[in-house]
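K.L.:
Provided below: protein_4.cif, containing mmCIF, C-alpha atoms.
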data_start
#
loop_
_atom_site.label_atom_id
_atom_site.label_comp_id
_atom_site.auth_asym_id
_atom_site.auth_seq_id
_atom_site.Cartn_x
_atom_site.Cartn_y
_atom_site.Cartn_z
CA MET A 542 2.65 -27.29 -8.87
CA THR A 543 5.18 -24.81 -10.25
CA ASP A 544 8.94 -24.78 -10.38
CA GLN A 545 9.01 -21.90 -7.91
CA GLN A 546 7.03 -23.85 -5.35
CA LEU A 547 9.36 -26.82 -5.60
CA LEU A 548 12.43 -24.60 -5.48
CA ASN A 549 11.08 -23.09 -2.26
CA GLU A 550 10.85 -26.55 -0.74
CA LEU A 551 14.34 -27.36 -1.95
CA GLN A 552 15.63 -24.19 -0.34
CA TYR A 553 14.13 -25.26 2.96
CA ALA A 554 15.78 -28.66 2.59
CA GLY A 555 19.11 -27.05 1.80
CA LEU A 556 18.99 -24.58 4.71
CA GLU A 557 18.72 -21.67 2.27
CA ARG A 558 16.53 -18.61 2.62
CA PRO A 559 13.30 -19.46 0.75
CA ASN A 560 12.65 -17.03 -2.08
CA ASN A 561 11.16 -19.22 -4.83
CA GLY A 562 14.62 -20.11 -6.06
CA ALA A 563 15.66 -16.55 -6.90
CA SER A 564 19.02 -16.95 -5.18
CA TRP A 565 21.09 -19.39 -3.13
CA PRO A 566 23.12 -17.22 -0.75
CA SER A 567 25.19 -20.03 0.75
CA GLY A 568 27.08 -20.40 -2.50
CA LEU A 569 26.73 -24.18 -2.35
CA TRP A 570 24.42 -24.13 -5.33
CA THR A 571 23.57 -21.64 -8.06
CA VAL A 572 20.33 -20.74 -9.79
CA ALA A 573 21.63 -22.24 -13.04
CA GLU A 574 22.50 -25.53 -11.32
CA LEU A 575 19.06 -25.87 -9.80
CA THR A 576 17.46 -25.06 -13.14
CA SER A 577 19.45 -27.84 -14.76
CA TYR A 578 18.60 -30.27 -11.95
CA LEU A 579 14.90 -29.44 -12.36
CA ASN A 580 14.87 -30.08 -16.07
CA GLN A 581 17.13 -33.12 -16.02
CA ARG A 582 15.12 -34.86 -13.33
CA GLN A 583 11.77 -34.11 -14.94
CA ARG A 584 13.04 -35.50 -18.21
CA LYS A 585 14.53 -38.52 -16.49
CA PHE A 586 11.25 -39.15 -14.70
CA LEU A 587 9.34 -38.89 -17.97
CA SER A 588 11.78 -41.31 -19.57
CA ASP A 589 11.73 -43.74 -16.62
CA THR A 590 7.94 -43.89 -16.43
CA GLY A 591 6.50 -42.73 -19.75
CA CYS A 592 3.66 -41.31 -17.71
CA VAL A 593 2.83 -38.39 -20.01
CA CYS A 594 2.34 -39.34 -23.63
CA THR A 595 1.86 -37.16 -26.68
CA ARG A 596 0.40 -38.06 -30.04
CA ALA A 597 1.96 -36.94 -33.30
CA SER A 598 1.58 -37.73 -36.96
CA ILE A 599 4.73 -38.03 -39.09
CA ALA A 600 3.84 -37.56 -42.74
CA VAL A 601 5.71 -39.92 -45.04
CA ALA A 602 5.41 -38.21 -48.40
CA LEU A 603 8.23 -39.75 -50.37
CA PRO A 604 7.95 -43.44 -51.24
CA ASN A 605 10.78 -45.89 -50.49
CA VAL A 606 12.28 -43.66 -47.84
CA SER A 607 12.66 -45.77 -44.72
CA ARG A 608 14.19 -43.30 -42.28
CA GLN A 609 11.87 -40.68 -40.88
CA ALA A 610 12.53 -37.76 -38.57
CA LEU A 611 11.12 -37.94 -35.08
CA PRO A 612 9.67 -34.89 -33.30
CA GLY A 613 12.26 -32.56 -31.84
CA ASP A 614 11.00 -33.10 -28.28
CA TRP A 615 11.01 -36.89 -28.55
CA ILE A 616 12.32 -39.00 -25.64
CA GLN A 617 10.95 -42.45 -26.41
CA THR A 618 8.30 -44.09 -28.55
CA ARG A 619 5.48 -45.84 -26.74
CA ARG A 620 3.66 -46.99 -29.87
CA ALA A 621 3.80 -46.46 -33.64
CA THR A 622 1.16 -47.21 -36.24
CA TRP A 623 1.12 -46.89 -40.03
CA LEU A 624 -1.86 -45.02 -41.44
CA ASP A 625 -2.29 -45.37 -45.17
CA ASN A 626 -4.09 -43.03 -47.53
CA ALA A 627 -7.22 -45.18 -47.40
CA GLY A 628 -7.51 -44.61 -43.64
CA ALA A 629 -6.48 -48.12 -42.60
CA TYR A 630 -4.18 -48.58 -39.62
CA ALA A 631 -1.41 -51.15 -39.34
CA PRO A 632 0.50 -51.35 -36.04
CA LEU A 633 4.28 -51.23 -36.33
CA LEU A 634 6.09 -53.63 -34.05
CA HIS A 635 9.19 -52.34 -32.27
CA SER A 636 12.03 -54.39 -33.68
CA GLU A 637 15.81 -54.33 -33.90
CA LEU A 638 18.31 -54.61 -36.70
CA TRP A 639 19.48 -58.04 -35.56
CA TYR A 640 16.03 -59.57 -36.07
CA LEU A 641 15.68 -58.12 -39.54
CA ASP A 642 19.15 -59.09 -40.67
CA TYR A 643 18.56 -62.71 -39.64
CA GLY A 644 14.82 -62.93 -40.23
CA MET A 645 14.44 -60.91 -43.41
CA ALA A 646 17.93 -60.57 -44.87
CA SER A 647 16.77 -58.64 -47.95
CA TRP A 648 14.80 -56.09 -45.95
CA GLU A 649 16.84 -53.16 -47.15
CA THR A 650 16.17 -53.90 -50.83
CA ILE A 651 12.44 -54.55 -50.68
CA SER A 652 9.53 -52.20 -50.17
CA SER A 653 5.92 -52.70 -49.27
CA PRO A 654 2.71 -50.66 -49.23
CA THR A 655 2.65 -51.18 -45.45
CA PRO A 656 5.77 -51.32 -43.30
CA LEU A 657 5.84 -53.99 -40.61
CA VAL A 658 8.26 -52.74 -37.97
CA PHE A 659 10.10 -49.68 -36.77
CA MET A 660 13.60 -49.50 -35.33
CA GLU A 661 15.66 -46.96 -33.45
CA ASP A 662 18.81 -48.91 -32.66
CA VAL A 663 20.99 -48.00 -35.65
CA THR A 664 19.52 -44.72 -36.77
CA PRO A 665 21.01 -41.29 -36.12
CA THR A 666 19.53 -39.33 -33.26
CA LEU A 667 15.90 -38.31 -33.63
CA GLU A 668 15.26 -40.68 -36.50
CA MET A 669 13.32 -43.90 -36.79
CA GLN A 670 13.56 -46.52 -39.48
CA LEU A 671 10.60 -48.32 -41.05
CA ALA A 672 11.03 -51.75 -42.56
CA PRO A 673 10.26 -52.63 -45.25
CA ALA A 674 10.33 -49.15 -46.67
CA PRO A 675 6.82 -47.97 -47.60
CA ASN A 676 6.35 -47.60 -51.34
CA ASN A 677 3.24 -45.45 -50.86
CA SER A 678 2.77 -42.25 -48.99
CA GLY A 679 1.08 -42.35 -45.62
CA SER A 680 1.84 -41.34 -42.06
CA VAL A 681 3.28 -42.80 -38.91
CA GLU A 682 0.93 -42.18 -35.99
CA LEU A 683 3.20 -41.87 -33.01
CA LEU A 684 2.44 -42.11 -29.31
CA TYR A 685 5.59 -40.91 -27.62
CA VAL A 686 7.01 -39.37 -24.49
CA ALA A 687 8.03 -35.76 -24.99
CA ILE A 688 10.68 -33.76 -23.15
CA GLY A 689 8.30 -31.64 -21.11
CA THR A 690 8.03 -27.98 -20.36
CA ALA A 691 11.29 -26.14 -19.73
CA LEU A 692 11.50 -25.25 -16.04
CA SER A 693 13.40 -22.44 -14.37
CA ASN A 694 12.32 -20.28 -11.46
CA SER A 695 9.64 -18.30 -13.23
CA GLY A 696 6.49 -20.07 -12.07
CA VAL A 697 6.20 -22.69 -14.82
CA ALA A 698 4.04 -25.70 -14.01
CA PHE A 699 5.55 -29.16 -14.17
CA THR A 700 4.60 -31.41 -17.06
CA VAL A 701 4.06 -34.35 -14.72
CA PRO A 702 1.04 -34.42 -12.40
CA ASP A 703 1.48 -32.64 -9.05
CA ASP A 704 1.15 -35.94 -7.21
CA PHE A 705 4.35 -37.15 -8.85
CA VAL A 706 6.45 -34.01 -8.32
CA TRP A 707 7.66 -35.23 -4.91
CA ILE A 708 9.51 -38.01 -6.74
CA ILE A 709 11.30 -35.45 -8.92
CA LYS A 710 12.06 -33.46 -5.77
CA TRP A 711 13.92 -36.41 -4.24
CA GLY A 712 15.88 -36.80 -7.46
CA ILE A 713 16.89 -33.17 -7.32
CA LEU A 714 17.92 -33.54 -3.68
CA ALA A 715 20.11 -36.45 -4.73
CA ASP A 716 21.73 -34.20 -7.33
CA MET A 717 22.15 -31.33 -4.86
CA PHE A 718 23.79 -33.39 -2.12
CA GLY A 719 25.70 -35.52 -4.58
CA LYS A 720 27.49 -32.47 -5.92
CA ILE A 721 31.24 -32.71 -5.40
CA GLY A 722 32.35 -29.97 -3.08
CA ARG A 723 31.14 -28.40 0.14
CA ALA A 724 27.56 -29.53 -0.50
CA HIS A 725 28.58 -33.17 -0.77
CA ASP A 726 26.61 -35.37 1.63
CA PRO A 727 26.75 -38.94 0.32
CA VAL A 728 24.37 -40.37 2.94
CA ARG A 729 21.55 -37.97 2.13
CA ALA A 730 22.33 -38.14 -1.59
CA GLN A 731 22.07 -41.92 -1.61
CA TYR A 732 18.90 -41.85 0.44
CA ALA A 733 17.32 -39.28 -1.87
CA GLU A 734 18.27 -41.32 -4.92
CA SER A 735 16.67 -44.40 -3.41
CA ARG A 736 13.49 -42.40 -2.76
CA TYR A 737 13.49 -41.36 -6.42
CA ALA A 738 13.95 -44.98 -7.53
CA ILE A 739 11.13 -46.15 -5.28
CA GLY A 740 8.87 -43.40 -6.56
CA VAL A 741 9.56 -44.39 -10.17
CA ALA A 742 8.84 -48.03 -9.35
CA VAL A 743 5.56 -47.12 -7.66
CA VAL A 744 4.40 -45.03 -10.62
CA ASN A 745 5.33 -47.80 -13.06
CA ASN A 746 3.43 -50.27 -10.93
CA LEU A 747 0.43 -47.94 -11.01
CA LEU A 748 0.55 -47.48 -14.78
CA TYR A 749 1.71 -50.87 -16.01
CA GLY A 750 1.58 -53.33 -13.11
CA THR A 751 5.34 -53.81 -13.32
CA MET A 752 8.38 -52.04 -11.84
CA GLU A 753 9.51 -50.86 -15.27
CA PRO A 754 7.51 -49.59 -18.23
CA PRO A 755 7.12 -51.96 -21.18
CA ARG A 756 9.54 -51.11 -24.01
CA MET B 882 -18.09 -38.75 1.94
CA PRO B 883 -14.77 -37.08 2.85
CA TYR B 884 -13.46 -37.11 6.37
CA GLN B 885 -14.12 -33.86 8.25
CA ILE B 886 -12.50 -34.52 11.59
CA THR B 887 -9.03 -33.03 11.60
CA THR B 888 -8.09 -29.72 10.03
CA LEU B 889 -4.69 -28.51 8.95
CA GLY B 890 -4.80 -26.02 11.83
CA GLN B 891 -5.24 -28.90 14.29
CA LEU B 892 -2.63 -31.12 12.68
CA LEU B 893 0.19 -28.59 12.51
CA PRO B 894 0.50 -28.23 16.30
CA GLN B 895 0.56 -32.02 16.58
CA LEU B 896 3.49 -32.05 14.18
CA ALA B 897 5.18 -29.12 15.93
CA ALA B 898 4.92 -30.97 19.21
CA ARG B 899 7.26 -33.57 17.76
CA TYR B 900 10.10 -31.18 16.97
CA GLU B 901 11.88 -28.52 18.92
CA SER B 902 9.82 -25.40 18.47
CA THR B 903 12.51 -22.93 17.68
CA VAL B 904 12.78 -21.07 14.40
CA PHE B 905 14.41 -24.07 12.76
CA TRP B 906 11.16 -25.12 11.14
CA THR B 907 8.38 -22.81 9.99
CA THR B 908 4.67 -23.38 9.61
CA THR B 909 5.18 -23.30 5.86
CA GLU B 910 7.62 -26.17 6.07
CA GLY B 911 5.20 -28.10 8.24
CA THR B 912 2.42 -27.56 5.73
CA ASN B 913 4.67 -28.59 2.83
CA ALA B 914 5.69 -31.72 4.72
CA ILE B 915 2.08 -32.68 5.39
CA ASN B 916 1.11 -32.10 1.76
CA GLU B 917 4.01 -34.21 0.53
CA ALA B 918 3.05 -36.91 3.03
CA LEU B 919 -0.48 -36.92 1.62
CA ARG B 920 0.77 -37.18 -1.96
CA THR B 921 3.23 -39.92 -1.11
CA TRP B 922 0.51 -41.77 0.75
CA ASN B 923 -1.81 -41.41 -2.23
CA VAL B 924 0.65 -42.68 -4.82
CA LEU B 925 1.75 -45.59 -2.65
CA SER B 926 -1.72 -46.71 -1.64
CA SER B 927 -4.03 -45.28 -4.36
CA PHE B 928 -6.06 -43.90 -1.50
CA TYR B 929 -8.00 -41.02 -3.05
CA LYS B 930 -10.36 -42.46 -5.59
CA GLY B 931 -13.29 -40.89 -7.33
CA ARG B 932 -15.54 -40.85 -10.29
CA LYS B 933 -15.60 -38.66 -13.39
CA THR B 934 -17.49 -38.83 -16.66
CA PHE B 935 -16.71 -38.26 -20.28
CA THR B 936 -18.99 -37.92 -23.27
CA THR B 937 -18.12 -39.65 -26.48
CA VAL B 938 -17.53 -37.67 -29.64
CA ALA B 939 -18.59 -39.16 -32.96
CA ASN B 940 -15.86 -41.45 -34.37
CA ARG B 941 -13.28 -40.30 -31.82
CA VAL B 942 -10.83 -42.91 -30.51
CA TRP B 943 -8.56 -40.93 -28.21
CA TYR B 944 -9.74 -38.95 -25.20
CA PRO B 945 -7.95 -36.95 -22.53
CA VAL B 946 -8.21 -38.20 -18.97
CA PRO B 947 -10.74 -35.87 -17.32
CA SER B 948 -9.30 -32.94 -15.47
CA GLY B 949 -8.95 -33.67 -11.78
CA MET B 950 -8.21 -37.35 -12.25
CA LEU B 951 -4.71 -38.77 -11.92
CA PHE B 952 -5.21 -42.16 -13.55
CA PRO B 953 -8.28 -44.16 -14.60
CA PHE B 954 -8.85 -47.60 -13.10
CA ARG B 955 -12.19 -48.60 -14.55
CA MET B 956 -14.78 -47.44 -17.07
CA ASP B 957 -18.37 -48.26 -17.73
CA GLY B 958 -21.23 -46.85 -19.74
CA GLU B 959 -24.65 -47.77 -21.04
CA SER B 960 -24.89 -50.32 -18.19
CA THR B 961 -21.84 -52.15 -19.46
CA PRO B 962 -18.29 -52.13 -18.07
CA LEU B 963 -15.46 -51.58 -20.52
CA VAL B 964 -12.66 -54.09 -20.28
CA GLN B 965 -9.17 -52.68 -19.84
CA THR B 966 -6.71 -53.96 -22.39
CA THR B 967 -3.29 -53.06 -23.75
CA PHE B 968 -1.99 -51.63 -26.99
CA TYR B 969 -0.15 -54.90 -27.50
CA ASP B 970 -3.35 -56.93 -27.38
CA LEU B 971 -5.27 -54.56 -29.62
CA ASP B 972 -2.48 -54.12 -32.17
CA LEU B 973 -1.90 -57.84 -32.54
CA GLY B 974 -5.51 -58.97 -32.19
CA ARG B 975 -7.22 -56.31 -34.24
CA PRO B 976 -4.63 -54.28 -36.19
CA ASN B 977 -7.11 -51.81 -37.72
CA TRP B 978 -8.87 -51.13 -34.41
CA GLU B 979 -8.29 -47.39 -34.54
CA ALA B 980 -10.31 -47.10 -37.76
CA GLU B 981 -13.28 -49.12 -36.50
CA THR B 982 -16.40 -47.54 -35.09
CA THR B 983 -19.67 -48.88 -33.75
CA ALA B 984 -21.02 -48.53 -37.27
CA THR B 985 -18.41 -50.86 -38.72
CA VAL B 986 -19.71 -54.27 -39.71
CA GLY B 987 -18.70 -56.97 -37.30
CA VAL B 988 -17.87 -54.85 -34.27
CA PRO B 989 -19.94 -54.28 -31.13
CA SER B 990 -22.54 -51.56 -31.14
CA LEU B 991 -21.03 -50.01 -28.00
CA PRO B 992 -17.44 -49.30 -26.93
CA THR B 993 -16.28 -52.39 -25.04
CA LEU B 994 -12.53 -51.96 -24.53
CA TRP B 995 -10.36 -49.17 -23.22
CA VAL B 996 -6.60 -48.75 -23.03
CA PRO B 997 -4.64 -46.13 -21.07
CA GLY B 998 -1.97 -44.03 -22.75
CA GLY B 999 -0.06 -42.72 -19.77
CA VAL B 1000 -1.86 -40.56 -17.24
CA THR B 1001 -3.19 -38.05 -19.76
CA LEU B 1002 -4.76 -40.10 -22.57
CA PHE B 1003 -6.86 -43.18 -23.15
CA ALA B 1004 -8.41 -44.84 -26.18
CA ILE B 1005 -11.64 -46.77 -26.61
CA TRP B 1006 -12.69 -49.47 -29.04
CA PRO B 1007 -14.74 -49.28 -31.05
CA ALA B 1008 -15.10 -45.54 -31.40
CA ASP B 1009 -18.66 -44.38 -30.90
CA ALA B 1010 -20.06 -43.56 -34.34
CA ALA B 1011 -22.98 -41.52 -33.00
CA GLY B 1012 -21.34 -39.73 -30.10
CA GLY B 1013 -23.08 -38.22 -27.12
CA LYS B 1014 -22.93 -41.25 -24.83
CA VAL B 1015 -21.86 -40.61 -21.27
CA PHE B 1016 -19.33 -42.99 -19.76
CA THR B 1017 -18.18 -43.17 -16.16
CA ILE B 1018 -14.56 -43.41 -15.14
CA ASP B 1019 -13.45 -44.59 -11.70
CA GLY B 1020 -9.87 -43.67 -11.01
CA LEU B 1021 -7.20 -42.25 -8.79
CA LEU B 1022 -7.65 -38.61 -7.84
CA PRO B 1023 -4.93 -36.19 -6.79
CA ALA B 1024 -4.34 -35.91 -3.07
CA PRO B 1025 -5.97 -32.84 -1.51
CA VAL B 1026 -3.65 -29.90 -1.02
CA LEU B 1027 -3.99 -28.21 2.35
CA VAL B 1028 -3.51 -24.46 2.41
CA ASN B 1029 -5.59 -22.83 5.13
CA PRO B 1030 -5.75 -23.82 8.78
CA GLY B 1031 -9.43 -24.64 8.40
CA ASP B 1032 -8.86 -27.13 5.57
CA PHE B 1033 -9.93 -30.61 6.63
CA ILE B 1034 -7.61 -33.54 6.07
CA ASP B 1035 -9.54 -36.24 4.26
CA LEU B 1036 -7.95 -39.04 6.24
CA GLY B 1037 -9.10 -41.18 9.13
CA GLU B 1038 -7.81 -40.53 12.62
CA GLU B 1039 -6.15 -43.95 12.56
CA GLU B 1040 -3.88 -42.81 9.70
CA ILE B 1041 -2.81 -39.45 11.17
CA GLY B 1042 0.03 -41.00 13.15
CA ALA B 1043 1.62 -42.48 10.06
CA LEU B 1044 1.20 -39.18 8.25
CA LEU B 1045 2.96 -37.32 11.04
CA ASP B 1046 5.73 -39.92 11.07
CA TYR B 1047 6.48 -39.25 7.43
CA ALA B 1048 6.22 -35.48 7.81
CA LEU B 1049 8.63 -35.47 10.73
CA HIS B 1050 11.06 -37.69 8.88
CA LEU B 1051 10.86 -35.30 5.93
CA LEU B 1052 11.51 -32.28 8.13
CA SER B 1053 14.58 -33.94 9.62
CA PHE B 1054 16.20 -34.22 6.18
CA LYS B 1055 17.50 -30.68 6.27
CA VAL B 1056 19.23 -31.34 9.57
CA GLY B 1057 21.12 -34.29 8.16
CA GLY B 1058 23.61 -36.37 10.07
CA GLN B 1059 22.65 -38.53 13.00
CA ILE B 1060 19.37 -36.70 13.64
CA PHE B 1061 18.17 -37.57 10.14
CA ALA B 1062 19.40 -41.15 10.50
CA ASP B 1063 17.59 -41.47 13.82
CA GLN B 1064 14.31 -40.49 12.11
CA LEU B 1065 14.49 -43.26 9.51
CA PRO B 1066 12.38 -45.61 11.61
CA ARG B 1067 9.54 -43.11 11.23
CA TYR B 1068 9.74 -43.50 7.44
CA GLN B 1069 9.83 -47.26 7.87
CA ALA B 1070 6.77 -47.12 10.10
CA PHE B 1071 5.00 -45.02 7.48
CA LEU B 1072 5.82 -47.62 4.83
CA ALA B 1073 4.63 -50.44 7.04
CA HIS B 1074 1.33 -48.66 7.53
CA VAL B 1075 0.90 -47.88 3.83
CA GLY B 1076 1.79 -51.48 3.06
CA THR B 1077 -1.39 -52.63 4.73
CA ARG B 1078 -3.34 -50.62 2.16
CA ASN B 1079 -1.48 -51.88 -0.89
CA GLU B 1080 -0.47 -55.44 -0.17
CA ARG B 1081 -0.02 -56.25 -3.85
CA LEU B 1082 2.71 -53.65 -4.25
CA PHE B 1083 4.41 -54.42 -0.96
CA SER B 1084 4.43 -58.14 -1.72
CA ASN B 1085 6.25 -57.55 -5.00
CA GLN B 1086 9.81 -58.83 -4.59
CA ALA B 1087 11.34 -56.27 -6.94
CA PHE B 1088 9.75 -53.48 -4.93
CA ARG B 1089 10.83 -54.99 -1.63
CA LYS B 1090 14.41 -55.15 -2.93
CA LEU B 1091 14.25 -51.43 -3.61
CA LEU B 1092 12.85 -50.76 -0.15
CA ASN B 1093 15.56 -52.92 1.37
CA LYS B 1094 18.13 -50.24 0.68
CA TYR B 1095 17.08 -48.64 3.93
CA THR B 1096 14.59 -51.09 5.42
CA ASP B 1097 15.14 -54.70 6.43
CA VAL B 1098 12.08 -56.25 4.84
CA ASP B 1099 10.70 -59.48 6.22
CA SER B 1100 11.39 -62.25 3.74
CA THR B 1101 8.01 -63.88 4.26
CA PRO B 1102 5.27 -62.95 1.80
CA GLY B 1103 3.02 -60.16 2.90
CA PRO B 1104 3.18 -56.48 3.67
CA ALA B 1105 6.57 -55.03 4.53
CA GLN B 1106 7.54 -55.63 8.13
CA ALA B 1107 9.60 -52.54 8.75
CA VAL B 1108 12.61 -53.26 10.87
CA PRO B 1109 15.30 -50.63 11.27
CA LYS B 1110 18.58 -51.62 9.72
CA SER B 1111 21.13 -52.45 12.42
#
Using C-alpha cells, write down the structure that the file contains.

P.N.:
Amino acid sequence: MTDQQLLNELQYAGLERPNNGASWPSGLWTVAELTSYLNQRQRKFLSDTGCVCTRASIAVALPNVSRQALPGDWIQTRRATWLDNAGAYAPLLHSELWYLDYGMASWETISSPTPLVFMEDVTPTLEMQLAPAPNNSGSVELLYVAIGTALSNSGVAFTVPDDFVWIIKWGILADMFGKIGRAHDPVRAQYAESRYAIGVAVVNNLLYGTMEPPR
Amino acid sequence: MPYQITTLGQLLPQLAARYESTVFWTTTEGTNAINEALRTWNVLSSFYKGRKTFTTVANRVWYPVPSGMLFPFRMDGESTPLVQTTFYDLDLGRPNWEAETTATVGVPSLPTLWVPGGVTLFAIWPADAAGGKVFTIDGLLPAPVLVNPGDFIDLGEEEIGALLDYALHLLSFKVGGQIFADQLPRYQAFLAHVGTRNERLFSNQAFRKLLNKYTDVDSTPGPAQAVPKS
C-alpha cells in the first residue's frame, strides 16, 4: 500500500475531494500536515511494535572505547551481540547504569576482550555504551528497529506490511481530528486513538504473545 | 481451498443497501471499507493462513520471511518440526549460537530451532552447513485485496454479516456526530464475532481493558460479550 492510497482514504474520511493527497481544499488540513502525520504515525507504530527489524554491524576498531555510534535511522535496539575477530558471538544483555554502578562499581576503569552489556540510558542520542569497554577490536551485531521510508504523497510504499497500515490510518485520523481549530472533533479523535492502541496491542500479541513488545 | 461464493460485485450492493444511496458514499469508499474490514479481521483473528517454503543456504543463520507471508507461525523440514524459541533463550542458553552450524561438534545435524525477528526476518539454529534443504513455513498471510467486481471474497457466508457491520461502521466515521455514535454497536458486534475466532486474545484482560474504552466487556472469562455502553 502506498502513501497516496492511504491519503485518498483519509480524504474520504475527512470529507475532502479525493486526489491522492495532492490538496485539501477545505483548509482544515494542509499537505505538509498530512505528510508529517503519515511519517510520525508510521514511526510511532514501528517503535510501539518493533515489527520491522533491520540488521547492522557496528565496527569497533579502537580498543577501550565504550561508546559507539548507532545507525542514523535507529529507533530502538531489539538485540545486540558482540562478534570478535575469531568469529565467536557473545550476546550483550540490555542493562542500565544503576545495575553497573551497584553491581560492578569499577566498570568504567576496567576493560575486557568481550563486553557483557550495552546501555542506552545515559548516552547522548544515537549512541550506545558497552561495558566493560572492549580491549580488542570487533563488531556489535545489531538487530534494531529503523525509522522507515519517508512518506509524502508521491506513491511511496509503507515500511510496515499492508495488513498493518489500517492501524496507522486510525492514528492519523486521531491526529487530524485532534488538531486544535475548526477540525477539532474530540469524540472521533479519541475513538481513532483507541483504535490505534488496540491495533498496536493486537500486533504485539501476534508477534510476542503480550500486549507490549519485550524491551 | 478458498471460498468462491460471494464476489466483491455482489457484496457492494449489500453494503450499499445499508446506507442511504445518495452521492455521500462512492463505490470506491465501499471497496476501501470492505478491504479494511478484511485486513482488520485478519489481524484480529489470524484468519488467512498458508504455507510457504524456504531453502537453506550454506552456513546462513538469518533468512527473510518469504514474500507473501505476514508472519510465520510454524516451521518444519526433513520430517522434523522446528521448535520456536526466543532470542533471550538462545542468547542465555547457547551464547555462540549464531556461529554454530550443523557441522559443529556437539550440535544437531539438522536445524532444530527458529526464532522470529519481527515480521521480516527469522533465524535458525544451527545454520545448515550444506545448504539446499527445503523447509516449510506455516504462517499468517496478508488478507486478499479486492479490486474488481468479479473478485471472490475468501470468507464464509456466515462471516459476511460481521464484515458488513464493520464496513458500515467505518463508512459512518466521516459523518461523525450522533450518526457515527449510533453505528458503534456494529463495531462491537464485529468484535464479538471476531472474538469467537481468537478466544485467547479476547480473554486477555489487558486487551479487554483496551476494548472497554468503547465496549462494556463482560467480566466473566471468555470471548468479549459486546454490550453497547449506556

K.L.:
Selection in question (the file shown): the PyMOL selection byres ((chain A) within 9 of (chain B)). Which residues does it include, as a PyMOL selection string?

P.N.:
chain A and resi 550+553-556+590-595+619-620+622+628-634+684+701-705+707-708+726+728-729+732+735-736+738-740+742-744+746-748+750+752

K.L.:
Find the residues near Leu551 (chain A): any atom within 12 Å, counting only C-alpha atoms, skip ones fewer than 3 places away on the same chain, and give them as an MDAnalysis selection string.

P.N.:
(chainID A and resid 544:548 554:565 570 572 575:576 578:579 707 709:718) or (chainID B and resid 910 913:914 1051:1052 1054:1055)

K.L.:
Separation of CA of Thr650 (chain A) and CA of Ala597 (chain A), in Å?

P.N.:
28.2 Å

K.L.:
Determine the residue set returned by the PyMOL selection byres ((chain A and resi 697) around 10) for the present structure, and present it as a PyMOL selection string.

P.N.:
chain A and resi 542-546+690-696+698-700

K.L.:
Using all atoms listed in the file, find the one residue out of B:Thr1077, B:Gln885, B:Asn940, B:Gln1086 that sits nearest to Pro992 (chain B).

P.N.:
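Checking each of B:Thr1077, B:Gln885, B:Asn940, B:Gln1086 against Pro992 (chain B), counting all atoms listed in the file, the winner is B:Asn940.
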
K.L.:
Dump as a ChimeraX atom specification all residues having an atom at most 12 Å from (-1.4, -28.8, 7.3), computed in the file's coordinates with all atoms listed in the file.

P.N.:
/B:887-897,907-919,1025-1035,1041,1044-1045,1048

K.L.:
Residues picked by the PyMOL selection byres ((chain A and resi 669) around 12) here, as a ChimeraX atom specification?

P.N.:
/A:599,601,606-612,615,617-618,621,633,635-638,658-668,670-672,674,681,683

K.L.:
From the set B:Ala939, B:Ala1043, B:Ala1004, B:Val1015, which residue has the shortest atom-to-atom contact distance to Val964 (chain B), counting all atoms listed in the file?

P.N.:
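Residue with the minimum atom-to-atom distance to Val964 (chain B): B:Ala1004.
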
K.L.:
For Thr1017 (chain B), work out the shell of residues within 8 Å, counting only C-alpha atoms and skipping chain neighbours fewer than 3 positions away, then give it as a list in words.

P.N.:
Arg932, Lys933, Thr934, Phe935, Met956, Asp957 and Gly958 of chain B

K.L.:
To one decimal place in Å, what is the distance between CA of Thr961 (chain B) and CA of Gly1020 (chain B)?

P.N.:
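Spanning CA of Thr961 (chain B) to CA of Gly1020 (chain B) is a straight-line distance of 16.9 Å.
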
K.L.:
Just the number, please: distance in Å from CA of Gln1069 (chain B) to CA of Gly931 (chain B), one decimal.

P.N.:
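Between CA of Gln1069 (chain B) and CA of Gly931 (chain B) the gap works out to 28.4 Å.
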
K.L.:
Rank nothing, just name the residue among B:Thr993, B:Gln1064, B:Thr983, B:Gln1059 nearest to Arg955 (chain B), using all atoms listed in the file.

P.N.:
B:Thr993

K.L.:
Of the candidates B:Ala1011, B:Ile1005, B:Leu994, B:Val988, which one gets nearest to Val938 (chain B) if we count all atoms listed in the file?

P.N.:
B:Ala1011
